[in-house]
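Engineer: What follows is data_23.cif; its format and atoms are mmCIF, C-alpha atoms and all ligand atoms.
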data_structure
loop_
_atom_site.group_PDB
_atom_site.id
_atom_site.type_symbol
_atom_site.label_atom_id
_atom_site.label_comp_id
_atom_site.auth_asym_id
_atom_site.auth_seq_id
_atom_site.Cartn_x
_atom_site.Cartn_y
_atom_site.Cartn_z
ATOM 1 C CA MET A 1 128.036 53.656 154.246
ATOM 2 C CA ARG A 2 130.080 55.028 157.129
ATOM 3 C CA PHE A 3 132.387 58.024 157.094
ATOM 4 C CA LYS A 4 135.682 57.822 158.937
ATOM 5 C CA ASP A 5 135.496 61.467 159.844
ATOM 6 C CA LEU A 6 133.333 64.466 159.085
ATOM 7 C CA SER A 7 135.832 66.055 156.719
ATOM 8 C CA GLN A 8 134.817 63.492 154.137
ATOM 9 C CA LEU A 9 131.366 65.019 154.162
ATOM 10 C CA LYS A 10 132.642 68.361 152.913
ATOM 11 C CA ARG A 11 131.468 69.236 149.459
ATOM 12 C CA PRO A 12 134.135 69.947 146.865
ATOM 13 C CA LYS A 13 134.807 73.673 146.514
ATOM 14 C CA PRO A 14 132.991 75.242 143.579
ATOM 15 C CA LEU A 15 135.176 76.247 140.658
ATOM 16 C CA ILE A 16 135.675 80.032 140.462
ATOM 17 C CA ILE A 17 137.349 81.818 137.593
ATOM 18 C CA THR A 18 138.142 85.473 138.235
ATOM 19 C CA LEU A 19 137.291 87.887 135.430
ATOM 20 C CA GLY A 20 137.591 91.300 137.039
ATOM 21 C CA SER A 21 137.547 93.189 140.306
ATOM 22 C CA LEU A 22 135.836 96.098 142.008
ATOM 23 C CA PRO A 23 137.869 99.128 143.108
ATOM 24 C CA GLN A 24 139.792 98.724 146.368
ATOM 25 C CA HIS A 25 140.449 102.442 146.754
ATOM 26 C CA ILE A 26 138.949 105.633 145.388
ATOM 27 C CA LEU A 27 140.481 107.567 142.512
ATOM 28 C CA MET A 28 139.575 111.245 142.452
ATOM 29 C CA ALA A 29 140.757 114.073 140.221
ATOM 30 C CA LYS A 30 142.248 116.982 142.196
ATOM 31 C CA PHE A 31 139.828 119.226 140.312
ATOM 32 C CA ALA A 32 136.850 117.346 141.807
ATOM 33 C CA LYS A 33 138.333 117.528 145.299
ATOM 34 C CA ASP A 34 138.984 121.279 145.006
ATOM 35 C CA LYS A 35 135.455 121.780 143.679
ATOM 36 C CA ALA A 36 133.916 119.937 146.637
ATOM 37 C CA PHE A 37 135.743 122.093 149.188
ATOM 38 C CA GLN A 38 134.985 125.182 147.116
ATOM 39 C CA ILE A 39 131.244 124.404 147.354
ATOM 40 C CA SER A 40 131.557 124.382 151.168
ATOM 41 C CA GLU A 41 133.453 127.655 151.000
ATOM 42 C CA ARG A 42 130.809 129.248 148.747
ATOM 43 C CA VAL A 43 128.063 128.092 151.122
ATOM 44 C CA GLY A 44 129.856 129.849 153.972
ATOM 45 C CA VAL A 45 130.360 133.043 151.964
ATOM 46 C CA ILE A 46 126.835 133.230 150.539
ATOM 47 C CA PHE A 47 124.794 132.178 153.556
ATOM 48 C CA GLU A 48 127.226 133.371 156.219
ATOM 49 C CA LYS A 49 126.835 130.044 157.928
ATOM 50 C CA SER A 50 127.897 126.462 157.378
ATOM 51 C CA PHE A 51 125.325 124.025 156.001
ATOM 52 C CA GLU A 52 125.293 120.404 155.082
ATOM 53 C CA TRP A 53 124.971 119.974 151.339
ATOM 54 C CA TYR A 54 125.175 116.961 149.051
ATOM 55 C CA GLY A 55 126.243 116.292 145.510
ATOM 56 C CA PHE A 56 127.173 113.433 143.219
ATOM 57 C CA THR A 57 130.589 112.201 142.224
ATOM 58 C CA LEU A 58 130.798 111.916 138.444
ATOM 59 C CA ALA A 59 132.886 109.829 136.074
ATOM 60 C CA ASN A 60 133.190 109.201 132.362
ATOM 61 C CA ASN A 61 131.720 105.979 130.956
ATOM 62 C CA ASP A 62 135.139 104.842 129.765
ATOM 63 C CA HIS A 63 136.596 105.011 133.313
ATOM 64 C CA PRO A 64 133.775 104.639 135.875
ATOM 65 C CA GLU A 65 136.241 104.281 138.767
ATOM 66 C CA LEU A 66 137.748 107.773 138.470
ATOM 67 C CA ILE A 67 135.841 110.714 139.954
ATOM 68 C CA THR A 68 136.376 113.563 137.501
ATOM 69 C CA ASP A 69 133.806 116.076 138.684
ATOM 70 C CA ILE A 70 131.186 116.936 141.299
ATOM 71 C CA GLY A 71 127.563 117.436 140.299
ATOM 72 C CA LEU A 72 125.389 119.646 142.451
ATOM 73 C CA PRO A 73 121.690 118.791 142.292
ATOM 74 C CA GLN A 74 118.901 120.919 143.666
ATOM 75 C CA ASN A 75 119.234 120.172 147.398
ATOM 76 C CA ASP A 76 115.835 119.592 148.987
ATOM 77 C CA MET A 77 116.809 121.261 152.203
ATOM 78 C CA ASN A 78 120.053 121.916 153.955
ATOM 79 C CA LEU A 79 120.061 121.742 157.685
ATOM 80 C CA GLN A 80 123.241 121.963 159.613
ATOM 81 C CA ASP A 81 123.505 118.251 160.168
ATOM 82 C CA TYR A 82 120.831 116.557 158.140
ATOM 83 C CA THR A 83 120.671 115.772 154.460
ATOM 84 C CA THR A 84 118.575 113.105 152.872
ATOM 85 C CA LEU A 85 118.570 111.687 149.385
ATOM 86 C CA GLY A 86 115.818 110.153 147.262
ATOM 87 C CA SER A 87 116.085 107.965 144.154
ATOM 88 C CA GLN A 88 113.781 110.397 142.313
ATOM 89 C CA ARG A 89 116.358 113.164 142.776
ATOM 90 C CA ILE A 90 119.183 110.919 141.581
ATOM 91 C CA ALA A 91 117.224 109.895 138.466
ATOM 92 C CA GLU A 92 116.451 113.532 137.624
ATOM 93 C CA PHE A 93 120.069 114.471 138.010
ATOM 94 C CA GLN A 94 121.359 111.550 135.897
ATOM 95 C CA GLU A 95 118.967 112.627 133.117
ATOM 96 C CA SER A 96 120.457 116.121 133.131
ATOM 97 C CA LEU A 97 123.976 114.768 132.497
ATOM 98 C CA PRO A 98 125.652 114.220 129.103
ATOM 99 C CA GLU A 99 125.351 110.666 127.713
ATOM 100 C CA ASP A 100 128.956 109.753 128.493
ATOM 101 C CA VAL A 101 128.872 110.883 132.140
ATOM 102 C CA LEU A 102 127.720 108.659 134.963
ATOM 103 C CA ILE A 103 127.134 109.030 138.671
ATOM 104 C CA ASN A 104 129.541 106.776 140.593
ATOM 105 C CA GLY A 105 128.729 107.911 144.119
ATOM 106 C CA TRP A 106 127.736 110.758 146.351
ATOM 107 C CA ILE A 107 129.508 113.325 148.447
ATOM 108 C CA HIS A 108 128.250 115.489 151.244
ATOM 109 C CA SER A 109 129.503 117.923 153.796
ATOM 110 C CA HIS A 110 129.150 117.900 157.534
ATOM 111 C CA GLY A 111 129.874 121.623 157.482
ATOM 112 C CA ASP A 112 131.696 122.826 160.554
ATOM 113 C CA LEU A 113 130.510 119.937 162.727
ATOM 114 C CA ASP A 114 133.216 117.841 164.264
ATOM 115 C CA TYR A 115 131.326 114.690 163.259
ATOM 116 C CA ARG A 116 133.923 112.947 161.131
ATOM 117 C CA HIS A 117 132.126 109.786 160.173
ATOM 118 C CA PHE A 118 128.991 108.578 158.406
ATOM 119 C CA SER A 119 125.694 108.791 160.286
ATOM 120 C CA LYS A 120 122.778 106.352 160.229
ATOM 121 C CA THR A 121 121.017 108.587 157.693
ATOM 122 C CA ASP A 122 124.154 108.506 155.539
ATOM 123 C CA GLU A 123 124.129 104.696 155.593
ATOM 124 C CA GLN A 124 120.595 104.698 154.184
ATOM 125 C CA ASN A 125 121.743 107.108 151.497
ATOM 126 C CA HIS A 126 124.671 104.833 150.506
ATOM 127 C CA LEU A 127 122.230 102.046 149.698
ATOM 128 C CA THR A 128 119.893 104.342 147.773
ATOM 129 C CA VAL A 129 122.817 105.539 145.641
ATOM 130 C CA LEU A 130 124.222 102.012 145.179
ATOM 131 C CA ASP A 131 120.810 100.772 144.012
ATOM 132 C CA PHE A 132 120.616 103.559 141.513
ATOM 133 C CA VAL A 133 124.134 103.407 140.071
ATOM 134 C CA ALA A 134 124.535 99.599 140.159
ATOM 135 C CA ALA A 135 123.357 99.076 136.579
ATOM 136 C CA ARG A 136 125.910 101.535 135.204
ATOM 137 C CA THR A 137 128.939 100.504 137.257
ATOM 138 C CA ARG A 138 128.221 96.787 136.743
ATOM 139 C CA LYS A 139 130.947 94.480 135.442
ATOM 140 C CA PRO A 140 131.559 90.717 135.402
ATOM 141 C CA LEU A 141 133.739 89.666 138.335
ATOM 142 C CA ALA A 142 133.815 85.901 138.035
ATOM 143 C CA LYS A 143 132.389 82.737 136.639
ATOM 144 C CA LYS A 144 131.342 80.599 139.566
ATOM 145 C CA GLU A 145 130.228 77.013 139.549
ATOM 146 C CA ILE A 146 126.747 76.352 140.845
ATOM 147 C CA ALA A 147 126.608 73.096 142.759
ATOM 148 C CA ILE A 148 123.360 71.433 141.778
ATOM 149 C CA GLN A 149 122.165 68.429 143.663
ATOM 150 C CA ASP A 150 120.095 66.125 141.528
ATOM 151 C CA LEU A 151 120.980 67.528 138.131
ATOM 152 C CA VAL A 152 119.117 65.480 135.519
ATOM 153 C CA PHE A 153 120.291 65.175 131.916
ATOM 154 C CA LEU A 154 117.638 64.837 129.286
ATOM 155 C CA GLN A 155 118.004 64.541 125.574
ATOM 156 C CA LYS A 156 115.976 66.697 123.264
ATOM 157 C CA ASP A 157 112.924 64.835 121.843
ATOM 158 C CA HIS A 158 113.729 61.807 124.035
ATOM 159 C CA PHE A 159 111.928 62.492 127.300
ATOM 160 C CA ASP A 160 108.429 62.647 128.634
ATOM 161 C CA GLN A 161 106.677 64.389 131.497
ATOM 162 C CA LYS A 162 107.705 61.638 133.940
ATOM 163 C CA ASP A 163 111.404 62.305 133.206
ATOM 164 C CA MET A 164 110.819 66.020 133.605
ATOM 165 C CA ALA A 165 109.429 65.473 137.102
ATOM 166 C CA LYS A 166 112.790 64.067 138.252
ATOM 167 C CA GLY A 167 115.631 66.061 139.793
ATOM 168 C CA SER A 168 115.969 69.662 140.891
ATOM 169 C CA VAL A 169 117.302 70.994 137.589
ATOM 170 C CA SER A 170 116.905 69.468 134.126
ATOM 171 C CA LEU A 171 119.509 70.068 131.466
ATOM 172 C CA ILE A 172 118.216 69.314 127.983
ATOM 173 C CA THR A 173 120.918 68.756 125.399
ATOM 174 C CA ASP A 174 120.887 67.801 121.720
ATOM 175 C CA ARG A 175 122.908 64.659 122.321
ATOM 176 C CA PRO A 176 123.491 62.398 125.319
ATOM 177 C CA ILE A 177 125.923 63.700 127.926
ATOM 178 C CA ALA A 178 127.061 62.294 131.269
ATOM 179 C CA GLU A 179 128.651 65.267 132.972
ATOM 180 C CA ALA A 180 128.250 69.042 133.049
ATOM 181 C CA ARG A 181 129.315 71.992 135.121
ATOM 182 C CA ILE A 182 127.050 75.000 135.380
ATOM 183 C CA MET A 183 128.961 78.264 135.720
ATOM 184 C CA GLU A 184 127.155 81.498 136.459
ATOM 185 C CA THR A 185 128.476 85.010 135.974
ATOM 186 C CA VAL A 186 128.862 86.980 139.179
ATOM 187 C CA TYR A 187 128.369 90.670 138.450
ATOM 188 C CA GLY A 188 129.711 93.392 140.713
ATOM 189 C CA SER A 189 128.662 97.016 141.101
ATOM 190 C CA PHE A 190 130.023 99.761 143.289
ATOM 191 C CA CYS A 191 129.469 103.296 144.426
ATOM 192 C CA TYR A 192 131.576 105.713 146.429
ATOM 193 C CA SER A 193 130.611 107.796 149.462
ATOM 194 C CA ILE A 194 132.657 110.739 150.629
ATOM 195 C CA VAL A 195 131.973 113.024 153.557
ATOM 196 C CA ILE A 196 133.944 116.237 154.003
ATOM 197 C CA GLY A 197 134.223 118.983 156.619
ATOM 198 C CA ASP A 198 134.942 122.680 156.386
ATOM 199 C CA GLU A 199 138.283 122.165 158.081
ATOM 200 C CA GLY A 200 139.521 120.115 155.152
ATOM 201 C CA TRP A 201 139.022 116.586 156.464
ATOM 202 C CA HIS A 202 137.425 113.795 154.426
ATOM 203 C CA GLU A 203 136.281 110.235 155.069
ATOM 204 C CA GLN A 204 135.236 107.798 152.414
ATOM 205 C CA GLN A 205 133.839 104.350 151.765
ATOM 206 C CA ILE A 206 133.261 102.003 148.856
ATOM 207 C CA HIS A 207 129.986 100.085 148.706
ATOM 208 C CA CYS A 208 129.909 96.920 146.655
ATOM 209 C CA ARG A 209 127.182 94.598 145.512
ATOM 210 C CA GLU A 210 127.826 91.212 143.926
ATOM 211 C CA ARG A 211 125.074 89.130 142.357
ATOM 212 C CA GLY A 212 125.046 85.715 140.706
ATOM 213 C CA ILE A 213 122.966 85.910 137.566
ATOM 214 C CA LEU A 214 121.441 82.413 137.909
ATOM 215 C CA SER A 215 121.427 81.782 141.638
ATOM 216 C CA GLY A 216 120.430 85.361 142.459
ATOM 217 C CA HIS A 217 122.847 85.075 145.386
ATOM 218 C CA THR A 218 123.564 88.670 146.419
ATOM 219 C CA THR A 219 126.036 90.192 148.843
ATOM 220 C CA VAL A 220 126.418 93.838 149.786
ATOM 221 C CA ARG A 221 129.403 95.169 151.689
ATOM 222 C CA SER A 222 130.806 98.531 152.682
ATOM 223 C CA GLN A 223 134.433 99.230 153.418
ATOM 224 C CA ALA A 224 136.455 102.246 154.460
ATOM 225 C CA ALA A 225 138.741 103.150 151.594
ATOM 226 C CA ASN A 226 141.788 105.231 150.887
ATOM 227 C CA ILE A 227 141.511 107.967 148.332
ATOM 228 C CA GLU A 228 144.115 108.767 145.726
ATOM 229 C CA PHE A 229 144.052 112.243 144.192
ATOM 230 C CA VAL A 230 145.177 112.364 140.593
ATOM 231 C CA ASP A 231 145.983 115.247 138.298
ATOM 232 C CA SER A 232 143.451 115.270 135.458
ATOM 233 C CA GLY A 233 144.999 118.344 133.876
ATOM 234 C CA ARG A 234 142.046 120.482 134.898
ATOM 235 C CA SER A 235 142.129 123.031 137.695
ATOM 236 C CA LEU A 236 139.500 125.228 139.269
ATOM 237 C CA SER A 237 139.647 128.635 137.533
ATOM 238 C CA GLN A 238 138.237 131.976 138.719
ATOM 239 C CA SER A 239 135.407 131.593 136.233
ATOM 240 C CA ASP A 240 134.664 128.065 137.568
ATOM 241 C CA ILE A 241 134.444 129.567 141.059
ATOM 242 C CA SER A 242 132.093 132.325 139.980
ATOM 243 C CA ASP A 243 129.854 129.776 138.157
ATOM 244 C CA LEU A 244 129.913 127.677 141.308
ATOM 245 C CA SER A 245 128.791 130.669 143.400
ATOM 246 C CA ASN A 246 125.713 131.060 141.203
ATOM 247 C CA GLU A 247 125.015 127.344 141.371
ATOM 248 C CA VAL A 248 125.282 127.261 145.159
ATOM 249 C CA GLU A 249 122.972 130.250 145.480
ATOM 250 C CA GLU A 250 120.423 128.629 143.205
ATOM 251 C CA LYS A 251 120.544 125.019 144.405
ATOM 252 C CA ILE A 252 121.286 125.052 148.095
ATOM 253 C CA LYS A 253 118.447 126.127 150.300
ATOM 254 C CA PRO A 254 119.339 126.665 153.922
ATOM 255 C CA HIS A 255 116.488 125.488 156.057
ATOM 256 C CA THR A 256 116.975 127.486 159.197
ATOM 257 C CA ASP A 257 113.561 126.773 160.663
ATOM 258 C CA PRO A 258 113.002 123.023 160.244
ATOM 259 C CA PRO A 259 109.606 121.518 161.065
ATOM 260 C CA PRO A 260 109.554 119.562 164.378
ATOM 261 C CA GLU A 261 109.449 116.116 162.697
ATOM 262 C CA LEU A 262 112.811 116.851 161.063
ATOM 263 C CA ILE A 263 114.382 117.980 164.293
ATOM 264 C CA GLU A 264 113.447 114.615 165.773
ATOM 265 C CA ARG A 265 115.256 112.813 162.958
ATOM 266 C CA MET A 266 118.434 114.817 163.457
HETATM 267 ZN ZN ZN B 1 126.415 112.797 156.953
#
Translate this file's structure into structure tokens.
Ligand SMILES: [Zn+2]
Structural biologist:
Amino acid sequence: MRFKDLSQLKRPKPLIITLGSLPQHILMAKFAKDKAFQISERVGVIFEKSFEWYGFTLANNDHPELITDIGLPQNDMNLQDYTTLGSQRIAEFQESLPEDVLINGWIHSHGDLDYRHFSKTDEQNHLTVLDFVAARTRKPLAKKEIAIQDLVFLQKDHFDQKDMAKGSVSLITDRPIAEARIMETVYGSFCYSIVIGDEGWHEQQIHCRERGILSGHTTVRSQAANIEFVDSGRSLSQSDISDLSNEVEEKIKPHTDPPPELIERM
């Protein structure tokens, strides 16, 4: 058989039915934003110097895309421009949260540095956080057809080992069929990353992972995102600020004399 032109060789496009979507921009309660900048301010007041710190962005289970609060874990060490994150720390922090609260990302400060973008270390941290939160922010995005070459139909109780050896995938049905389409669910997960500076600037990204449940086909992508601040009806009170002062004092440990191996990584 001869083809007139190569376009005839193209496979038909797989059928895709959209079921949902991942966030295209970040939704954040004004309360959470004010709290983040207040943490930086407290750090400055308490330690008389600016330090990098990190925390988690939190959401309620019924609306995982809206950041309602900031959670401050015990920071391992806070250098001026270096903060690293481990999955052990994230797991510990998630366990300390109420049942209906989930981590949907992480936030950190670059202090008074004029470094207004994510560093290489930050990029590693994005993936660590995405790995951890993926199960809880997961939702079905689409049903996608899997093109199977050599799909073999077999009928229950009517085949032997020789029939089973044929084809790349065997579909066993209770009655004879001649045609079938296999559709897999593509699940998507996301996490947010926000970096802020003492001067009031912020940069943010959304990290997304999509995975086909049958094919295992996985894609990960990061994109710069806009942030929309929404009024959640909660504002930072004087008593919130005084609680935050205690928390900062307890959880953030300025590391003013880092060991040489850390200096090299900065
Ligand atoms: Zn950073």
Engineer: Rank A:Asp150, A:Ser170, A:Ser50, A:His25 by their smallest atom-to-atom distance to Ser222 (chain A), using only C-alpha atoms, and report the top residue only.
Structural biologist: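 Using only C-alpha atoms, Ser222 (chain A) sits closest to A:His25.
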Engineer: Nearest to ligand ZN 1 (chain B) among A:Phe56, A:Tyr115, A:Phe93, A:Tyr187, with distances taken over all atoms listed in the file: which residue is it?
Structural biologist: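 Going through A:Phe56, A:Tyr115, A:Phe93, A:Tyr187 one by one, the smallest distance to ligand ZN 1 (chain B) is for A:Tyr115.
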Engineer: Choose the residue, out of A:Thr18, A:Asn246, A:Asn125, A:Asn60, that has the smallest atom-to-atom separation from Arg89 (chain A); count only C-alpha atoms.
Structural biologist: A:Asn125
Engineer: Quick one: contact table of chain A to ligand ZN 1 (chain B), 6 Å max, nearest atom pair and distance in Å to one decimal per residue, counting only C-alpha atoms and all ligand atoms, chain and number order, as a tab-separated table?
Structural biologist:
residue	atom	partner	partner_atom	distance
A:His110	CA	B:ZN1	ZN	5.8
A:Phe118	CA	B:ZN1	ZN	5.2
A:Ser119	CA	B:ZN1	ZN	5.3
A:Asp122	CA	B:ZN1	ZN	5.1
Engineer: Suppose we keep C-alpha atoms; can you now write the selection as a compact mmCIF listing (two decimals), in the coordinates of the input?
Structural biologist:
# COMPACT_ATOMS: atom_id res chain seq x y z
CA HIS A 110 129.15 117.90 157.53
CA PHE A 118 128.99 108.58 158.41
CA SER A 119 125.69 108.79 160.29
CA ASP A 122 124.15 108.51 155.54
Engineer: Excluding same-chain residues fewer than 3 positions from region 126-139 of chain A, what lies within 8 Å of it counting all atoms listed in the file, as a list in words?
Structural biologist: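 Selected residues are Gly20, Pro64, Leu85, Gly86, Ser87, Ile90, Ala91, Leu102, Ile103, Asn104, Gly105, Trp106, Asp122, Glu123, Tyr187, Gly188, Ser189, Phe190, Cys191, Ser193, His207, Cys208 and Arg209 of chain A.
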Engineer: Which of these, A:Leu58, A:Ile227, A:Ile67, A:Leu214, has the shortest distance to Gln24 (chain A) once you count all atoms listed in the file?
Structural biologist: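 Using all atoms listed in the file, the shortest distance to Gln24 (chain A) belongs to A:Ile227.
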Engineer: Tell me which protein, DNA and RNA residues are within 12 Å of His158 (chain A), counting all atoms listed in the file, leaving out same-chain ones fewer than 5 positions away, and put them as a list in words.
Structural biologist: Phe153, Asp163, Met164, Ile172, Thr173, Asp174, Arg175 and Pro176 of chain A
Engineer: Given the PyMOL selection byres (((chain A and resi 117) around 12) and not hetatm) and the file above, list the residues it selects as a PyMOL selection string.
Structural biologist: chain A and resi 108-110+113-116+118-123+193-197+201-205+224
Engineer: I'd like the box whose edges run along x, y and z of the file and which contains every listed atom of region 206-220 of chain A, padded by 8 Å per side; could you state its centre and edge lengths in Å, one decimal, as AutoDock Vina command-line options?
Structural biologist:
--center_x 126.8 --center_y 91.9 --center_z 143.7 --size_x 28.8 --size_y 36.2 --size_z 28.2
Engineer: Evaluated on this file, the PyMOL selection byres (((chain A and resi 145) around 9) and not hetatm) picks out some residues - which ones are they, written as a ChimeraX atom specification?
Structural biologist: /A:13-17,143-144,146-147,181-185
Engineer: What does the structure give for the distance between CA of Arg234 (chain A) and CA of Phe47 (chain A), in Å to one decimal?
Structural biologist: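 Interatomic distance, CA of Arg234 (chain A) to CA of Phe47 (chain A): 28.0 Å.
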Engineer: Could you state which residues are captured by the PyMOL selection byres (((chain A and resi 251) around 8) and not hetatm) in this file, as a list in words?
Structural biologist: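 Selected by the PyMOL selection byres (((chain A and resi 251) around 8) and not hetatm) in this file: Leu72, Pro73, Gln74, Asn75, Glu247, Val248, Glu249, Glu250, Ile252 and Lys253 of chain A.
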Engineer: What is the CA of Pro12 (chain A)-CA of Leu171 (chain A) distance in Å, reported with one decimal?
Structural biologist: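 Pair CA of Pro12 (chain A) / CA of Leu171 (chain A) returns 21.2 Å.
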Engineer: For CA of Ile213 (chain A) and CA of Leu22 (chain A), determine how far apart the two atoms are, in Å to one decimal place.
Structural biologist: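 So the two atoms, CA of Ile213 (chain A) and CA of Leu22 (chain A), lie 17.0 Å apart.
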Engineer: Considering all atoms listed in the file, state which residue in the set A:Ile206, A:Val45, A:Leu97, A:Leu27 is at the smallest distance from Ser245 (chain A).
Structural biologist: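 That would be A:Val45, the residue with the smallest distance to Ser245 (chain A).
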Engineer: Compute the distance from (139.0, 119.7, 143.2) to each atom, counting only C-alpha atoms, keep the residues with any atom at most 9 Å away, and return them as a PyMOL selection string; use the coordinates of the file.
Structural biologist: chain A and resi 28-38+68-70+234-236
Engineer: Would you mind telling me which residue in A:Val230, A:Pro254, A:Ala59, A:Val186 lies nearest to Gly216 (chain A) when using all atoms listed in the file?
Structural biologist: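 Selected residue with least distance to Gly216 (chain A): A:Val186.
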